[in-house]
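One structure is given below, encoded as structure tokens.
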Amino acid sequence: AYHLTLNFKSSSLFVSWQPGNYQRTAKRTEDAFQACNDIVACFQERARVERQYAQQLSEWSNKWKPVVDSSKISNRPLYGSLMKAWQCFLSSADRLAALHATICRSLVSEDGDRVRTWQKDTFHKKLFGGFKESHDIETGFARAQKPWAKRLKKLDKARRAYHKVSRKEQVAREREAHAQGNPDVSIDKQKKIQEEREVAQQEAEKVRARYEKVLEEVNNYAPRYMEEMESVFDQSQEEERKRIVFLKQAFLSIHKHLDITNNESVRAVYNELHNTLMAIDEQEDLRWWKNTHGPAEWFESLILQLNKIYA
């Protein structure tokens with residue numbers, strides 16, 4: 001039996017370049033367009049998380065400010081440097097709320113809009129569906145595969161014809177072998193069987209030669225076919241490369257907006273908070289309390305009361 005043998009660079013390429021197998025590559029354009037939609041939707045949702053967090057920080061700060069900043073000193077749970085530290089947590093939350101609100105706006109108006117704009121400029125929809133870019137790639141592959149598919153069809157027809165006559169020849173040989181030396185088969189019958197085998201053999205050789213010729217044509221055309229297919233594939237790869245490069249930059253921009261560990265404003269907030277906490281001075285707070293509510297204050301209050309009584 002004869003089998004198709006082509007000098008492809010790899011077996012995977014042989015499979016990839018068979019008729020119709022380019023569809024997955026051509027579909028990358030539509031996949032990338034949908035990926036843009038998903039990316040925008042994904043980080044719009046993250047933006048809502050940032051907005052909600054900012055709102056929750058503000059609500060938390062506003063809830064506790066009246067407690068911490070009570071106008072009546074006697075109602076304040078803390079005083080002195082401890083009170084300032086507590087107040088700093090709340091003011092820090094206000095500043096962080098503003099920061100996360102900014103992150104929300106950046107994700108939507110900057111990152112989201114950038115992806116949408118690039119998507120609009122990169123993917124061009126056709127009137128009756130699909131995209132021009134994927135259509136061009138698919139058309140290029142189909143154009144390159146048309147003569148190849150035609151040759152494969154011709155080869156398959158020749159192969160099936162050869163296998164058919166080969167089986168017919170094999171049957172004729174078996175009949176001839178069975179008839180030879182068989183006393184029940186007349187000489188004339190044996191001669192006729194021999195002639196049938198010779199005709200079958202000649203037909204098989206004729207069809208075999210035709211099959212080999214078609215096989216040679218396919219083998220000779222394979223390098224050109226590979227070159228044309230790889231040319232279209234390289235075009236598709238270049239388009240995909242540009243998409244990957246852009247989306248990498250888009251992700252880096254999103255990372256920059258979300259990465260508060262490198263944000264100078266965040267550092268300033270927490271540095272100020274830390275400095276305020278480190279400035280808590282128990283001796284100064286105790287001294288203030290003593291001066292405000294200690295024995296000296298009691299004696300002064302007593303003198304004022306006595307003066308009122310004996311005035």
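Just remember, in the structure tokens the first chain shown is A, the second B, etc., residues are 1-based per chain, and ligands are 1-based in the order shown.
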
Residues of stretch 56-98 of chain A in alpha helix (DSSP H) according to DSSP, as an MDAnalysis selection string?
chainID A and resid 56:68 80:98

Tell me, as a compact mmCIF listing (two decimals) with C-alpha atoms, in the first residue's frame, which residues lie within 8 Å of A:Asp94, counting only C-alpha atoms; anything in the same chain fewer than 6 positions away does not count.
# COMPACT_ATOMS: atom_id res chain seq x y z
CA LEU A 57 -14.86 54.40 54.91
CA SER A 58 -16.63 57.77 54.80
CA SER A 61 -15.63 58.05 59.78

Enter the distance from atom CA of A:Ala250 to atom CA of A:Gln235, in Å, rounded to one decimal.
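Interatomic distance here is 23.0 Å.
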
Mind checking which residues fall within 12 Å of A:Glu282, counting only C-alpha atoms, ignoring those fewer than 3 positions away in the same chain, and posting them as a ChimeraX atom specification?
/A:79-83,277-279,285-289

Go ahead and dump the residues you just picked, C-alpha atoms, as a compact mmCIF listing (two decimals), in the first residue's frame.
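The file below, result.txt, is the result:
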# COMPACT_ATOMS: atom_id res chain seq x y z
CA TYR A 79 -8.42 63.15 75.83
CA GLY A 80 -5.03 64.59 75.00
CA SER A 81 -2.69 62.75 72.66
CA LEU A 82 -4.86 59.60 72.74
CA MET A 83 -7.81 61.58 71.44
CA LEU A 277 0.45 57.32 67.39
CA MET A 278 4.11 57.57 68.34
CA ALA A 279 3.41 61.04 69.74
CA ASP A 285 -1.79 63.51 79.14
CA LEU A 286 -1.63 62.79 82.88
CA ARG A 287 -0.22 66.26 83.50
CA TRP A 288 -3.08 67.82 81.52
CA TRP A 289 -5.62 65.79 83.48

Calculate how many Å separate atom CA of A:Glu264 from atom CA of A:Ser91, rounding to one decimal.
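A separation of 16.8 Å between them.
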
Go through A:Glu240, A:Glu59, A:Glu205, A:Glu174 and flag the residue nearest A:Asp31, using only C-alpha atoms for the distances.
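Under the stated criterion, the closest residue is A:Glu240.
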
One-decimal distance in Å that lies between atom CA of A:Ala85 and atom CA of A:Gln56:
20.6 Å

Give me the residues near A:Tyr225 as a VMD selection string, where near means some atom within 10 Å (using only C-alpha atoms) and where sequence neighbours in that chain fewer than 4 positions away do not count.
chain A and resid 17 144 to 148 218 220 to 221 229 to 231

Selected residues written out with N, CA and C atoms, as a PDB file, in the first residue's frame:
ATOM      1  N   TRP A  17      -2.477  22.435   9.353  1.00  0.00           N
ATOM      2  CA  TRP A  17      -2.688  22.957   8.006  1.00  0.00           C
ATOM      3  C   TRP A  17      -3.602  22.084   7.161  1.00  0.00           C
ATOM      4  N   ALA A 144      -5.339  29.840   0.298  1.00  0.00           N
ATOM      5  CA  ALA A 144      -4.142  29.000   0.248  1.00  0.00           C
ATOM      6  C   ALA A 144      -4.504  27.517   0.247  1.00  0.00           C
ATOM      7  N   GLN A 145      -5.589  27.173   0.909  1.00  0.00           N
ATOM      8  CA  GLN A 145      -5.953  25.763   1.038  1.00  0.00           C
ATOM      9  C   GLN A 145      -6.757  25.226  -0.139  1.00  0.00           C
ATOM     10  N   LYS A 146      -7.331  26.113  -0.931  1.00  0.00           N
ATOM     11  CA  LYS A 146      -8.196  25.644  -2.017  1.00  0.00           C
ATOM     12  C   LYS A 146      -7.471  24.697  -2.970  1.00  0.00           C
ATOM     13  N   PRO A 147      -6.304  25.082  -3.540  1.00  0.00           N
ATOM     14  CA  PRO A 147      -5.609  24.149  -4.443  1.00  0.00           C
ATOM     15  C   PRO A 147      -5.082  22.919  -3.709  1.00  0.00           C
ATOM     16  N   TRP A 148      -4.734  23.093  -2.449  1.00  0.00           N
ATOM     17  CA  TRP A 148      -4.257  21.954  -1.661  1.00  0.00           C
ATOM     18  C   TRP A 148      -5.385  20.947  -1.429  1.00  0.00           C
ATOM     19  N   VAL A 218       1.295  16.004  -5.182  1.00  0.00           N
ATOM     20  CA  VAL A 218       0.975  16.534  -3.853  1.00  0.00           C
ATOM     21  C   VAL A 218       2.250  16.833  -3.078  1.00  0.00           C
ATOM     22  N   ASN A 220       5.174  17.522  -4.258  1.00  0.00           N
ATOM     23  CA  ASN A 220       5.872  18.657  -4.867  1.00  0.00           C
ATOM     24  C   ASN A 220       5.203  19.987  -4.520  1.00  0.00           C
ATOM     25  N   TYR A 221       3.884  19.953  -4.332  1.00  0.00           N
ATOM     26  CA  TYR A 221       3.157  21.188  -4.029  1.00  0.00           C
ATOM     27  C   TYR A 221       3.228  21.549  -2.545  1.00  0.00           C
ATOM     28  N   MET A 229       0.521  29.117   3.641  1.00  0.00           N
ATOM     29  CA  MET A 229      -0.206  29.014   4.907  1.00  0.00           C
ATOM     30  C   MET A 229       0.545  29.726   6.032  1.00  0.00           C
ATOM     31  N   GLU A 230       1.848  29.565   6.062  1.00  0.00           N
ATOM     32  CA  GLU A 230       2.641  30.214   7.108  1.00  0.00           C
ATOM     33  C   GLU A 230       2.637  31.727   6.941  1.00  0.00           C
ATOM     34  N   SER A 231       2.535  32.193   5.710  1.00  0.00           N
ATOM     35  CA  SER A 231       2.474  33.634   5.473  1.00  0.00           C
ATOM     36  C   SER A 231       1.211  34.223   6.106  1.00  0.00           C
TER      37      SER A 231
END

With a distance cut-off of 10 Å and only C-alpha atoms, select the neighbouring residues of A:Lys65, excluding the residue or stretch itself and same-chain residues fewer than 6 positions from it, and output the selection as a PDB file with N, CA and C atoms, in the first residue's frame.
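Final output, saved to selection-v9.pdb:
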ATOM      1  N   TRP A  86      -6.883  58.914  67.955  1.00  0.00           N
ATOM      2  CA  TRP A  86      -8.166  58.369  67.492  1.00  0.00           C
ATOM      3  C   TRP A  86      -8.719  59.225  66.357  1.00  0.00           C
ATOM      4  N   GLN A  87      -8.650  60.529  66.521  1.00  0.00           N
ATOM      5  CA  GLN A  87      -9.116  61.445  65.475  1.00  0.00           C
ATOM      6  C   GLN A  87      -8.332  61.241  64.181  1.00  0.00           C
ATOM      7  N   LEU A  90      -9.658  58.556  61.950  1.00  0.00           N
ATOM      8  CA  LEU A  90     -10.850  58.967  61.204  1.00  0.00           C
ATOM      9  C   LEU A  90     -10.495  59.894  60.051  1.00  0.00           C
ATOM     10  N   SER A  91      -9.594  60.838  60.300  1.00  0.00           N
ATOM     11  CA  SER A  91      -9.178  61.735  59.209  1.00  0.00           C
ATOM     12  C   SER A  91      -8.414  60.959  58.138  1.00  0.00           C
TER      13      SER A  91
END
